[in-house]
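Asker: Next comes the structure file input-v6.cif, holding mmCIF, C-alpha atoms.
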```cif
data_query
loop_
_atom_site.group_PDB
_atom_site.id
_atom_site.type_symbol
_atom_site.label_atom_id
_atom_site.label_comp_id
_atom_site.auth_asym_id
_atom_site.auth_seq_id
_atom_site.Cartn_x
_atom_site.Cartn_y
_atom_site.Cartn_z
ATOM 1 C CA MET A 295 24.057 -300.877 -19.576
ATOM 2 C CA THR A 296 27.237 -299.851 -21.339
ATOM 3 C CA SER A 297 30.497 -301.691 -20.934
ATOM 4 C CA THR A 298 32.882 -298.747 -20.933
ATOM 5 C CA PRO A 299 32.239 -296.128 -18.240
ATOM 6 C CA PRO A 300 33.210 -292.591 -19.232
ATOM 7 C CA ARG A 301 35.679 -290.548 -17.206
ATOM 8 C CA THR A 302 33.918 -287.710 -15.440
ATOM 9 C CA THR A 303 35.597 -284.427 -16.301
ATOM 10 C CA ALA A 304 35.699 -281.448 -13.984
ATOM 11 C CA PRO A 305 33.022 -279.496 -15.919
ATOM 12 C CA ARG A 306 30.681 -282.488 -15.855
ATOM 13 C CA ALA A 307 31.374 -282.939 -12.161
ATOM 14 C CA ALA A 308 30.401 -279.337 -11.559
ATOM 15 C CA ILE A 309 27.128 -279.890 -13.406
ATOM 16 C CA LEU A 310 26.381 -282.938 -11.291
ATOM 17 C CA LEU A 311 27.092 -280.980 -8.141
ATOM 18 C CA ALA A 312 24.777 -278.211 -9.266
ATOM 19 C CA VAL A 313 21.979 -280.693 -9.857
ATOM 20 C CA ALA A 314 22.518 -282.275 -6.447
ATOM 21 C CA VAL A 315 22.519 -278.868 -4.755
ATOM 22 C CA LEU A 316 19.289 -277.946 -6.529
ATOM 23 C CA ALA A 317 17.731 -281.153 -5.289
ATOM 24 C CA LEU A 318 18.772 -280.341 -1.738
ATOM 25 C CA THR A 319 17.886 -276.654 -1.710
ATOM 26 C CA ALA A 320 14.718 -276.250 -3.791
ATOM 27 C CA CYS A 321 11.762 -275.127 -1.668
ATOM 28 C CA GLY A 322 8.040 -275.830 -1.846
ATOM 29 C CA SER A 323 6.213 -279.169 -1.977
ATOM 30 C CA GLY A 324 5.733 -280.491 -5.492
ATOM 31 C CA GLU A 325 6.403 -277.108 -7.103
ATOM 32 C CA PRO A 326 8.398 -276.903 -10.352
ATOM 33 C CA GLN A 327 11.926 -275.725 -9.734
ATOM 34 C CA GLY A 328 14.219 -273.968 -12.133
ATOM 35 C CA GLY A 329 17.164 -271.660 -12.329
ATOM 36 C CA THR A 330 14.995 -268.682 -11.492
ATOM 37 C CA GLY A 331 13.115 -270.274 -8.595
ATOM 38 C CA ALA A 332 13.473 -269.078 -5.046
ATOM 39 C CA ALA A 333 16.336 -270.580 -3.170
ATOM 40 C CA GLY A 334 15.693 -272.702 -0.116
ATOM 41 C CA PRO A 335 18.024 -273.354 2.802
ATOM 42 C CA ALA A 336 21.633 -273.913 1.899
ATOM 43 C CA ALA A 337 22.751 -277.476 1.221
ATOM 44 C CA ALA A 338 24.368 -279.204 4.172
ATOM 45 C CA GLU A 339 28.119 -278.855 4.437
ATOM 46 C CA ILE A 340 29.903 -282.060 3.479
ATOM 47 C CA PRO A 341 32.030 -283.322 6.409
ATOM 48 C CA THR A 342 35.754 -283.114 5.727
ATOM 49 C CA ALA A 343 37.273 -284.547 8.911
ATOM 50 C CA ASP A 344 40.397 -286.562 8.095
ATOM 51 C CA VAL A 345 39.802 -290.076 9.385
ATOM 52 C CA VAL A 346 42.126 -291.879 6.981
ATOM 53 C CA SER A 347 45.627 -290.367 6.886
ATOM 54 C CA ALA A 348 46.663 -291.930 10.208
ATOM 55 C CA VAL A 349 45.972 -295.470 8.931
ATOM 56 C CA ARG A 350 49.133 -297.556 8.674
ATOM 57 C CA LYS A 351 50.039 -300.494 6.476
ATOM 58 C CA ASP A 352 49.331 -303.938 7.913
ATOM 59 C CA ALA A 353 51.971 -306.405 6.747
ATOM 60 C CA ALA A 354 49.801 -309.469 7.332
ATOM 61 C CA ALA A 355 46.944 -308.085 5.230
ATOM 62 C CA ALA A 356 49.279 -306.842 2.500
ATOM 63 C CA LYS A 357 50.883 -310.280 2.276
ATOM 64 C CA LEU A 358 47.541 -311.648 1.053
ATOM 65 C CA LEU A 359 47.778 -309.562 -2.109
ATOM 66 C CA PRO A 360 48.840 -311.225 -5.367
ATOM 67 C CA ALA A 361 52.558 -310.737 -6.042
ATOM 68 C CA ASP A 362 51.953 -308.702 -9.202
ATOM 69 C CA VAL A 363 49.710 -306.247 -7.334
ATOM 70 C CA ARG A 364 52.275 -305.809 -4.543
ATOM 71 C CA ALA A 365 54.924 -305.145 -7.170
ATOM 72 C CA ARG A 366 52.720 -302.653 -9.008
ATOM 73 C CA GLY A 367 51.776 -300.881 -5.791
ATOM 74 C CA SER A 368 48.415 -299.653 -7.041
ATOM 75 C CA LEU A 369 44.850 -300.630 -7.871
ATOM 76 C CA SER A 370 42.444 -299.148 -10.399
ATOM 77 C CA LEU A 371 39.116 -298.299 -8.777
ATOM 78 C CA ALA A 372 35.878 -297.203 -10.429
ATOM 79 C CA ALA A 373 33.732 -295.044 -8.149
ATOM 80 C CA SER A 374 30.114 -294.091 -8.588
ATOM 81 C CA VAL A 375 29.631 -290.582 -7.204
ATOM 82 C CA GLY A 376 26.056 -289.495 -6.556
ATOM 83 C CA THR A 377 24.844 -288.167 -3.222
ATOM 84 C CA PRO A 378 26.033 -288.345 0.390
ATOM 85 C CA PRO A 379 26.692 -290.200 2.557
ATOM 86 C CA GLY A 380 27.948 -292.789 0.030
ATOM 87 C CA ALA A 381 29.844 -290.529 -2.345
ATOM 88 C CA THR A 382 29.427 -286.943 -3.482
ATOM 89 C CA TYR A 383 31.635 -283.995 -4.466
ATOM 90 C CA LEU A 384 33.119 -281.279 -2.327
ATOM 91 C CA SER A 385 32.295 -277.674 -3.178
ATOM 92 C CA ASP A 386 34.982 -277.589 -5.875
ATOM 93 C CA GLY A 387 32.791 -279.922 -7.943
ATOM 94 C CA LYS A 388 35.603 -282.367 -8.652
ATOM 95 C CA THR A 389 36.892 -283.853 -5.385
ATOM 96 C CA PRO A 390 34.979 -287.025 -4.401
ATOM 97 C CA ALA A 391 34.060 -287.402 -0.728
ATOM 98 C CA GLY A 392 31.920 -289.848 1.156
ATOM 99 C CA GLN A 393 31.755 -293.053 3.119
ATOM 100 C CA ASP A 394 32.735 -295.157 0.089
ATOM 101 C CA ILE A 395 35.666 -292.865 -0.643
ATOM 102 C CA ASP A 396 36.985 -293.032 2.924
ATOM 103 C CA PHE A 397 36.677 -296.820 3.130
ATOM 104 C CA ALA A 398 38.487 -297.346 -0.172
ATOM 105 C CA ASP A 399 41.291 -294.952 0.778
ATOM 106 C CA ALA A 400 41.643 -296.551 4.207
ATOM 107 C CA VAL A 401 41.813 -300.069 2.747
ATOM 108 C CA GLY A 402 44.460 -298.843 0.310
ATOM 109 C CA LYS A 403 46.566 -297.587 3.209
ATOM 110 C CA VAL A 404 46.218 -300.874 5.130
ATOM 111 C CA LEU A 405 47.385 -302.757 2.044
ATOM 112 C CA GLY A 406 50.125 -300.276 1.178
ATOM 113 C CA LEU A 407 48.583 -299.524 -2.221
ATOM 114 C CA ARG A 408 47.876 -296.355 -4.165
ATOM 115 C CA ILE A 409 44.216 -296.146 -5.196
ATOM 116 C CA ASP A 410 43.876 -294.843 -8.750
ATOM 117 C CA ARG A 411 40.259 -293.702 -8.691
ATOM 118 C CA GLU A 412 38.175 -292.959 -11.776
ATOM 119 C CA VAL A 413 34.605 -291.727 -11.488
ATOM 120 C CA ALA A 414 32.173 -293.763 -13.570
ATOM 121 C CA GLY A 415 28.436 -294.215 -13.984
ATOM 122 C CA PHE A 416 26.844 -296.575 -11.459
ATOM 123 C CA GLU A 417 25.231 -298.763 -14.107
ATOM 124 C CA ALA A 418 28.502 -299.108 -16.032
ATOM 125 C CA ILE A 419 30.841 -300.175 -13.224
ATOM 126 C CA LEU A 420 29.788 -303.791 -12.688
ATOM 127 C CA PRO A 421 30.090 -304.869 -16.345
ATOM 128 C CA ALA A 422 33.405 -302.996 -16.566
ATOM 129 C CA LEU A 423 34.717 -305.046 -13.637
ATOM 130 C CA GLY A 424 33.730 -308.232 -15.446
ATOM 131 C CA SER A 425 35.682 -307.131 -18.506
ATOM 132 C CA GLY A 426 38.780 -306.420 -16.427
ATOM 133 C CA LYS A 427 38.782 -302.652 -17.001
ATOM 134 C CA TYR A 428 39.041 -301.996 -13.263
ATOM 135 C CA ASP A 429 40.338 -303.976 -10.289
ATOM 136 C CA VAL A 430 37.588 -302.900 -7.895
ATOM 137 C CA GLY A 431 34.417 -300.819 -7.814
ATOM 138 C CA THR A 432 32.526 -298.803 -5.197
ATOM 139 C CA GLY A 433 28.998 -297.437 -5.383
ATOM 140 C CA ASN A 434 27.094 -298.733 -2.371
ATOM 141 C CA PHE A 435 26.748 -302.020 -4.256
ATOM 142 C CA GLY A 436 24.278 -304.307 -2.511
ATOM 143 C CA VAL A 437 25.282 -307.968 -2.389
ATOM 144 C CA THR A 438 22.555 -309.988 -4.107
ATOM 145 C CA ASP A 439 22.465 -313.618 -5.189
ATOM 146 C CA GLU A 440 22.090 -312.538 -8.811
ATOM 147 C CA ARG A 441 25.188 -310.344 -8.670
ATOM 148 C CA ARG A 442 27.179 -313.045 -6.874
ATOM 149 C CA ARG A 443 26.827 -315.277 -9.913
ATOM 150 C CA THR A 444 29.115 -313.024 -11.955
ATOM 151 C CA LEU A 445 30.965 -310.902 -9.387
ATOM 152 C CA ASP A 446 32.714 -311.148 -6.023
ATOM 153 C CA PHE A 447 32.154 -308.792 -3.099
ATOM 154 C CA VAL A 448 33.908 -307.915 0.143
ATOM 155 C CA THR A 449 31.437 -306.418 2.586
ATOM 156 C CA TYR A 450 32.095 -303.288 4.651
ATOM 157 C CA VAL A 451 28.655 -301.979 5.706
ATOM 158 C CA ASN A 452 25.024 -303.037 5.829
ATOM 159 C CA ASP A 453 22.521 -300.714 4.177
ATOM 160 C CA GLY A 454 19.275 -301.559 2.461
ATOM 161 C CA GLN A 455 16.241 -300.547 0.459
ATOM 162 C CA GLY A 456 13.787 -297.915 1.599
ATOM 163 C CA PHE A 457 11.268 -295.304 0.487
ATOM 164 C CA ALA A 458 10.698 -291.571 0.775
ATOM 165 C CA ALA A 459 7.893 -289.287 -0.361
ATOM 166 C CA ARG A 460 6.695 -285.708 -0.074
ATOM 167 C CA LYS A 461 5.062 -284.835 3.220
ATOM 168 C CA ASP A 462 1.723 -284.357 1.451
ATOM 169 C CA SER A 463 1.771 -287.986 0.296
ATOM 170 C CA PRO A 464 -0.883 -290.351 1.690
ATOM 171 C CA LEU A 465 1.873 -292.958 2.053
ATOM 172 C CA LYS A 466 3.009 -293.334 5.646
ATOM 173 C CA LYS A 467 4.884 -296.623 5.615
ATOM 174 C CA VAL A 468 5.512 -299.039 2.756
ATOM 175 C CA THR A 469 5.466 -302.632 3.946
ATOM 176 C CA SER A 470 4.288 -304.160 0.661
ATOM 177 C CA LEU A 471 4.964 -303.170 -2.939
ATOM 178 C CA ARG A 472 1.230 -303.459 -3.547
ATOM 179 C CA GLN A 473 0.909 -300.132 -1.736
ATOM 180 C CA LEU A 474 2.662 -298.578 -4.742
ATOM 181 C CA CYS A 475 0.065 -299.774 -7.283
ATOM 182 C CA GLY A 476 -1.030 -296.915 -9.523
ATOM 183 C CA LEU A 477 1.849 -294.672 -8.419
ATOM 184 C CA THR A 478 5.025 -293.521 -10.154
ATOM 185 C CA VAL A 479 8.185 -294.726 -8.422
ATOM 186 C CA ALA A 480 11.531 -293.036 -9.058
ATOM 187 C CA THR A 481 14.743 -294.974 -8.559
ATOM 188 C CA GLY A 482 18.326 -295.250 -9.786
ATOM 189 C CA ALA A 483 19.098 -296.924 -13.106
ATOM 190 C CA GLY A 484 20.813 -300.310 -12.905
ATOM 191 C CA THR A 485 20.220 -300.653 -9.148
ATOM 192 C CA THR A 486 18.829 -303.426 -6.963
ATOM 193 C CA PHE A 487 15.838 -301.132 -6.423
ATOM 194 C CA GLU A 488 14.988 -301.149 -10.116
ATOM 195 C CA ALA A 489 15.342 -304.940 -10.185
ATOM 196 C CA THR A 490 13.108 -305.380 -7.128
ATOM 197 C CA LEU A 491 10.414 -303.128 -8.561
ATOM 198 C CA GLU A 492 10.403 -304.771 -11.993
ATOM 199 C CA GLU A 493 10.372 -308.291 -10.546
ATOM 200 C CA ASN A 494 7.311 -307.543 -8.419
ATOM 201 C CA LYS A 495 5.204 -305.478 -10.807
ATOM 202 C CA GLN A 496 2.835 -308.391 -11.376
ATOM 203 C CA GLN A 497 1.619 -308.118 -7.786
ATOM 204 C CA CYS A 498 -0.603 -305.206 -8.789
ATOM 205 C CA ALA A 499 -2.154 -306.998 -11.765
ATOM 206 C CA LYS A 500 -2.828 -310.086 -9.662
ATOM 207 C CA ALA A 501 -4.657 -307.885 -7.182
ATOM 208 C CA GLY A 502 -6.696 -306.283 -9.976
ATOM 209 C CA GLU A 503 -4.958 -302.932 -9.583
ATOM 210 C CA ARG A 504 -3.082 -300.701 -12.012
ATOM 211 C CA PRO A 505 0.668 -301.467 -11.971
ATOM 212 C CA TYR A 506 3.039 -298.881 -10.602
ATOM 213 C CA ASP A 507 5.207 -297.041 -13.126
ATOM 214 C CA VAL A 508 8.980 -297.225 -12.617
ATOM 215 C CA LYS A 509 11.015 -294.188 -13.675
ATOM 216 C CA THR A 510 14.798 -294.625 -13.574
ATOM 217 C CA TYR A 511 17.416 -291.900 -13.353
ATOM 218 C CA ALA A 512 21.163 -292.063 -13.905
ATOM 219 C CA GLU A 513 21.721 -289.003 -11.700
ATOM 220 C CA GLN A 514 20.437 -288.827 -8.107
ATOM 221 C CA GLY A 515 19.816 -285.092 -8.350
ATOM 222 C CA ALA A 516 17.335 -285.626 -11.197
ATOM 223 C CA LEU A 517 15.600 -288.339 -9.193
ATOM 224 C CA TRP A 518 14.911 -285.986 -6.274
ATOM 225 C CA ILE A 519 13.813 -283.173 -8.567
ATOM 226 C CA SER A 520 11.252 -285.512 -10.156
ATOM 227 C CA LEU A 521 9.768 -286.154 -6.712
ATOM 228 C CA ARG A 522 9.653 -282.498 -5.743
ATOM 229 C CA GLN A 523 8.059 -281.518 -9.059
ATOM 230 C CA GLY A 524 5.352 -284.164 -8.684
ATOM 231 C CA ARG A 525 6.492 -286.240 -11.660
ATOM 232 C CA SER A 526 7.123 -289.081 -9.207
ATOM 233 C CA ASP A 527 5.104 -290.065 -6.149
ATOM 234 C CA VAL A 528 7.737 -291.960 -4.184
ATOM 235 C CA VAL A 529 11.492 -292.624 -4.293
ATOM 236 C CA MET A 530 13.076 -296.014 -3.661
ATOM 237 C CA SER A 531 16.763 -295.870 -2.781
ATOM 238 C CA THR A 532 19.320 -296.720 -0.105
ATOM 239 C CA VAL A 533 18.276 -296.358 3.524
ATOM 240 C CA ASN A 534 21.331 -294.246 4.352
ATOM 241 C CA GLY A 535 20.938 -292.061 1.274
ATOM 242 C CA LEU A 536 17.246 -291.496 1.927
ATOM 243 C CA ARG A 537 17.768 -290.590 5.573
ATOM 244 C CA TYR A 538 20.480 -288.117 4.641
ATOM 245 C CA ALA A 539 18.502 -286.511 1.812
ATOM 246 C CA VAL A 540 15.287 -286.201 3.816
ATOM 247 C CA GLY A 541 17.262 -284.649 6.648
ATOM 248 C CA GLN A 542 18.205 -281.829 4.266
ATOM 249 C CA GLN A 543 14.764 -281.454 2.647
ATOM 250 C CA PRO A 544 12.158 -280.661 5.324
ATOM 251 C CA ASP A 545 9.180 -281.063 2.983
ATOM 252 C CA LEU A 546 10.029 -284.729 2.371
ATOM 253 C CA ARG A 547 9.489 -287.742 4.620
ATOM 254 C CA PHE A 548 11.393 -291.004 5.063
ATOM 255 C CA LEU A 549 8.824 -293.798 4.973
ATOM 256 C CA ASN A 550 10.651 -296.879 6.186
ATOM 257 C CA GLU A 551 13.250 -299.529 5.583
ATOM 258 C CA PHE A 552 11.970 -302.201 3.220
ATOM 259 C CA LYS A 553 14.864 -304.667 3.025
ATOM 260 C CA ARG A 554 18.419 -304.830 4.365
ATOM 261 C CA LEU A 555 21.401 -305.679 2.176
ATOM 262 C CA ASP A 556 25.100 -306.082 2.803
ATOM 263 C CA VAL A 557 27.186 -303.611 0.808
ATOM 264 C CA GLY A 558 30.618 -304.421 -0.523
ATOM 265 C CA PHE A 559 33.583 -303.633 -2.689
ATOM 266 C CA ALA A 560 32.859 -305.240 -6.068
ATOM 267 C CA PHE A 561 35.321 -307.343 -8.078
ATOM 268 C CA LYS A 562 35.508 -309.560 -11.126
ATOM 269 C CA LYS A 563 34.410 -313.117 -10.307
ATOM 270 C CA GLY A 564 37.256 -315.203 -8.929
ATOM 271 C CA THR A 565 39.373 -312.205 -7.944
ATOM 272 C CA PRO A 566 42.486 -312.980 -5.875
ATOM 273 C CA LEU A 567 42.085 -309.573 -4.178
ATOM 274 C CA ALA A 568 39.153 -310.529 -1.957
ATOM 275 C CA PRO A 569 41.079 -312.074 0.990
ATOM 276 C CA ALA A 570 43.336 -309.015 1.271
ATOM 277 C CA PHE A 571 40.406 -306.600 1.181
ATOM 278 C CA GLN A 572 38.549 -308.652 3.778
ATOM 279 C CA ALA A 573 41.577 -308.595 6.079
ATOM 280 C CA ALA A 574 41.955 -304.840 5.534
ATOM 281 C CA VAL A 575 38.333 -304.078 6.459
ATOM 282 C CA ASN A 576 38.633 -306.212 9.582
ATOM 283 C CA ARG A 577 41.866 -304.424 10.462
ATOM 284 C CA LEU A 578 40.050 -301.076 10.197
ATOM 285 C CA ARG A 579 37.430 -302.397 12.598
ATOM 286 C CA LYS A 580 40.116 -303.419 15.060
ATOM 287 C CA ASP A 581 42.054 -300.130 15.053
ATOM 288 C CA GLY A 582 38.957 -297.915 15.344
ATOM 289 C CA THR A 583 39.134 -296.342 11.879
ATOM 290 C CA TYR A 584 35.974 -298.174 10.842
ATOM 291 C CA ASP A 585 33.887 -296.577 13.583
ATOM 292 C CA ARG A 586 35.404 -293.153 12.914
ATOM 293 C CA ILE A 587 34.346 -293.330 9.260
ATOM 294 C CA LEU A 588 30.788 -294.291 10.170
ATOM 295 C CA LYS A 589 30.601 -291.547 12.792
ATOM 296 C CA LYS A 590 31.834 -288.967 10.281
ATOM 297 C CA TRP A 591 29.031 -289.835 7.851
ATOM 298 C CA GLY A 592 26.309 -290.520 10.435
ATOM 299 C CA THR A 593 25.879 -294.158 9.420
ATOM 300 C CA GLY A 594 26.680 -295.980 12.646
ATOM 301 C CA ALA A 595 23.560 -298.153 12.274
ATOM 302 C CA SER A 596 25.149 -299.703 9.172
ATOM 303 C CA ALA A 597 28.098 -301.228 11.034
ATOM 304 C CA ILE A 598 28.908 -304.898 10.484
ATOM 305 C CA THR A 599 30.700 -307.124 12.985
ATOM 306 C CA THR A 600 33.057 -308.682 10.451
ATOM 307 C CA SER A 601 33.765 -308.444 6.723
ATOM 308 C CA GLN A 602 32.669 -311.343 4.535
ATOM 309 C CA ILE A 603 33.451 -312.467 0.993
ATOM 310 C CA SER A 604 30.319 -312.728 -1.157
ATOM 311 C CA PRO A 605 27.863 -313.767 1.586
ATOM 312 C CA PRO A 606 24.362 -314.961 0.578
ATOM 313 C CA GLU A 607 21.801 -312.241 0.042
ATOM 314 C CA ILE A 608 19.921 -311.193 3.166
ATOM 315 C CA LYS A 609 16.344 -312.412 2.721
#
```
Can the structure from this file be put into structure tokens for me?
Answerer:
Amino acid sequence: MTSTPPRTTAPRAAILLAVAVLALTACGSGEPQGGTGAAGPAAAEIPTADVVSAVRKDAAAAKLLPADVRARGSLSLAASVGTPPGATYLSDGKTPAGQDIDFADAVGKVLGLRIDREVAGFEAILPALGSGKYDVGTGNFGVTDERRRTLDFVTYVNDGQGFAARKDSPLKKVTSLRQLCGLTVATGAGTTFEATLEENKQQCAKAGERPYDVKTYAEQGALWISLRQGRSDVVMSTVNGLRYAVGQQPDLRFLNEFKRLDVGFAFKKGTPLAPAFQAAVNRLRKDGTYDRILKKWGTGASAITTSQISPPEIK
């Protein structure tokens, strides 16, 4: 992992969008796709309903902010932008949109702060928070015990780990990682999925089977293309992301949820910002904005009853 995430320029954003659209629109099961391939159904339209602008500042929550932050009136936020519903780009290729984007903007309004957002690579955000480059990070970051040792989190949804495959796959439901032995598994670089897969590889050897091969991708579009082209047999990613992607790609199948995880805003360890963010998320739950955001992105099953600061990992 690098320690300094690059700023995503508009041209690069457009490239990322093109890759994501290819992943969502390519047709055929396991067929190579390229610029000259036949186009499939159009990618789903990204919802643009405004569920944030009506949010008002909450004086009690804002009072929990450190004095220097209140005086500055802004926070620097690093955002990982990949695929919906977490965070993606609108059709202009440069405007971030997604559940993470809406929650961060809404929390900023509750706290009376301007959110200065910079798009950064998923695998680079967490170390950059530790170095103090950013105040807060978003990227559907699962709260794990390992991450809690060096970072703080304020939870806002519950997501989890899951699997998807092509419809011609013999896999129907993955309840044990041993079912992946001998297969190639595609997942995001620097994610909890990669960590889970690497930590459990020995299960195959102990069972006398060939270990599964883990292929990591920095860009979600490339991950899905690898599955469609047959270079990967199964994808491990977020439950919400998988459900959304499979809903747009009829030749793919969601297999199942494997493990649930709380998801939170990420901060440098010992941050004084956590109580204010927790109060802001709970305020959004109380005024109905929270439910409106989840409804917009089709993630109502990920609702939490109350925000927590760095809770233990869900086992």
Asker: The PyMOL selection byres ((chain A and resi 461) around 10) - which residues does that actually catch in the file I just gave you? List them as a ChimeraX atom specification.
Answerer: /A:323-324,458-460,462-466,544-549
Asker: Please write as a VMD selection string the full residue list that the PyMOL selection byres ((chain A and resi 577) around 12) yields on this file.
Answerer: chain A and resid 349 to 356 397 400 to 405 450 570 to 576 578 to 585 599 to 601
Asker: Using CA of Gly426 (chain A) and CA of Val557 (chain A) as the two end points, give the distance in Å to one decimal.
Answerer: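 Rounded to one decimal, the two atoms are 21.0 Å apart.
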Asker: So that I can see what lies close to Val430 (chain A), please list as a compact mmCIF listing (two decimals) with C-alpha atoms, in the frame of the given file the residues with an atom at most 12 Å from it, counting only C-alpha atoms and leaving out residues fewer than 4 positions away in the same chain.
Answerer:
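Contents of around_16.txt, as written:
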```txt
# COMPACT_ATOMS: atom_id res chain seq x y z
CA SER A 368 48.42 -299.65 -7.04
CA LEU A 369 44.85 -300.63 -7.87
CA SER A 370 42.44 -299.15 -10.40
CA LEU A 371 39.12 -298.30 -8.78
CA ALA A 372 35.88 -297.20 -10.43
CA ALA A 373 33.73 -295.04 -8.15
CA SER A 374 30.11 -294.09 -8.59
CA ALA A 398 38.49 -297.35 -0.17
CA VAL A 401 41.81 -300.07 2.75
CA GLY A 402 44.46 -298.84 0.31
CA ILE A 409 44.22 -296.15 -5.20
CA ASP A 410 43.88 -294.84 -8.75
CA ARG A 411 40.26 -293.70 -8.69
CA GLU A 412 38.17 -292.96 -11.78
CA ILE A 419 30.84 -300.18 -13.22
CA LEU A 420 29.79 -303.79 -12.69
CA PRO A 421 30.09 -304.87 -16.34
CA ALA A 422 33.40 -303.00 -16.57
CA LEU A 423 34.72 -305.05 -13.64
CA GLY A 424 33.73 -308.23 -15.45
CA SER A 425 35.68 -307.13 -18.51
CA GLY A 426 38.78 -306.42 -16.43
CA PHE A 435 26.75 -302.02 -4.26
CA LEU A 445 30.96 -310.90 -9.39
CA ASP A 446 32.71 -311.15 -6.02
CA PHE A 447 32.15 -308.79 -3.10
CA VAL A 448 33.91 -307.92 0.14
CA GLY A 558 30.62 -304.42 -0.52
CA PHE A 559 33.58 -303.63 -2.69
CA ALA A 560 32.86 -305.24 -6.07
CA PHE A 561 35.32 -307.34 -8.08
CA LYS A 562 35.51 -309.56 -11.13
CA LYS A 563 34.41 -313.12 -10.31
CA THR A 565 39.37 -312.20 -7.94
CA PRO A 566 42.49 -312.98 -5.88
CA LEU A 567 42.08 -309.57 -4.18
CA ALA A 568 39.15 -310.53 -1.96
CA PHE A 571 40.41 -306.60 1.18
```
Asker: So what does the PyMOL selection byres ((chain A and resi 589) around 12) actually pick up in this one, as an MDAnalysis selection string?
Answerer: chainID A and resid 341 343:345 379 392:393 396 582:588 590:597
Asker: Using all atoms listed in the file, pick whichever of A:Val508, A:Cys475, A:Ala480, A:Asn434 has the shortest atom-to-atom distance to Glu492 (chain A).
Answerer: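 Of all the options, A:Val508 lies closest to Glu492 (chain A).
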Asker: For Ser526 (chain A), list every protein, DNA or RNA residue within 8 Å, evaluated using all atoms listed in the file, and leave out those in the same chain fewer than 6 positions away; present the list as a CSV table (one decimal) with C-alpha atoms, in the frame of the given file.
Answerer:
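For reference, part.csv as written:
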```
chain,number,residue,atom,x,y,z
A,477,LEU,CA,1.8,-294.7,-8.4
A,478,THR,CA,5.0,-293.5,-10.2
A,479,VAL,CA,8.2,-294.7,-8.4
A,480,ALA,CA,11.5,-293.0,-9.1
A,509,LYS,CA,11.0,-294.2,-13.7
A,520,SER,CA,11.3,-285.5,-10.2
```
Asker: Which distance in Å separates CA of Val451 (chain A) and CA of Asp394 (chain A), to one decimal?
Answerer: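 Calculated distance between CA of Val451 (chain A) and CA of Asp394 (chain A) is 9.7 Å.
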Asker: As an exercise, work out the distance from CA of Asp399 (chain A) to CA of Ser347 (chain A) in Å and give it to one decimal place.
Answerer: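 Computed distance, CA of Asp399 (chain A) to CA of Ser347 (chain A), equals 8.8 Å.
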Asker: Kindly list the centre and edge lengths in Å, rounded to one decimal, for the axis-aligned box that covers all listed atoms of region 337-352 of chain A plus 6 Å on each of its six sides, as AutoDock Vina command-line options.
Answerer:
```
--center_x 36.4 --center_y -290.7 --center_z 5.7 --size_x 39.3 --size_y 38.5 --size_z 21.0
```
Asker: I'd like to know which of A:Pro360, A:Gly535, A:Gly476, A:Gly484 is closest to Ala501 (chain A), using all atoms listed in the file.
Answerer: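 Looking at the shortest contact to Ala501 (chain A), the residue is A:Gly476.
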Asker: So which residues touch Cys498 (chain A) within 9 Å, counting only C-alpha atoms, skipping near sequence neighbours fewer than 4 positions away, as a ChimeraX atom specification?
Answerer: /A:471-476,494,502-506
Asker: Take the selection from the previous step and output its residues with C-alpha atoms, as a short mmCIF file (atom, residue, chain, number, x, y, z; two decimals), keeping the file's coordinate frame.
Answerer:
```
data_model
loop_
_atom_site.label_atom_id
_atom_site.label_comp_id
_atom_site.auth_asym_id
_atom_site.auth_seq_id
_atom_site.Cartn_x
_atom_site.Cartn_y
_atom_site.Cartn_z
CA LEU A 471 4.96 -303.17 -2.94
CA ARG A 472 1.23 -303.46 -3.55
CA GLN A 473 0.91 -300.13 -1.74
CA LEU A 474 2.66 -298.58 -4.74
CA CYS A 475 0.06 -299.77 -7.28
CA GLY A 476 -1.03 -296.92 -9.52
CA ASN A 494 7.31 -307.54 -8.42
CA GLY A 502 -6.70 -306.28 -9.98
CA GLU A 503 -4.96 -302.93 -9.58
CA ARG A 504 -3.08 -300.70 -12.01
CA PRO A 505 0.67 -301.47 -11.97
CA TYR A 506 3.04 -298.88 -10.60
#
```
Asker: Excluding same-chain residues fewer than 5 positions from Thr438 (chain A), what lies within 10 Å of it counting all atoms listed in the file, as a PyMOL selection string?
Answerer: chain A and resi 443+445+447+486+555-557+604-609
Asker: Using all atoms listed in the file, find the one residue out of A:Gly387, A:Thr377, A:Phe457, A:Phe416 that sits nearest to Thr469 (chain A).
Answerer: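 Under the stated criterion, the closest residue is A:Phe457.
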Asker: Restricting the calculation to all atoms listed in the file, which member of A:Pro569, A:Gly406, A:Gly415, A:Gly454 is positioned closest to Glu513 (chain A)?
Answerer: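 Answer, going by the shortest atom-to-atom distance: A:Gly415.
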Asker: Can you work out which one of A:Leu407, A:Ala512, A:Val468, A:Leu521 has the shortest atom-to-atom distance to Arg366 (chain A), counting only C-alpha atoms?
Answerer: A:Leu407
Asker: Please list as an NGL selection string every residue within 10 Å of Phe487 (chain A), counting all atoms listed in the file and excluding residues in the same chain fewer than 2 positions away.
Answerer: :A and (436 or 454-456 or 480-485 or 489-493 or 510 or 529-532)
Asker: Between A:Val533, A:Thr444, A:Asp507, A:Ala381, single out the one closest to Val413 (chain A), counting all atoms listed in the file.
Answerer: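 Using all atoms listed in the file, Val413 (chain A) sits closest to A:Ala381.
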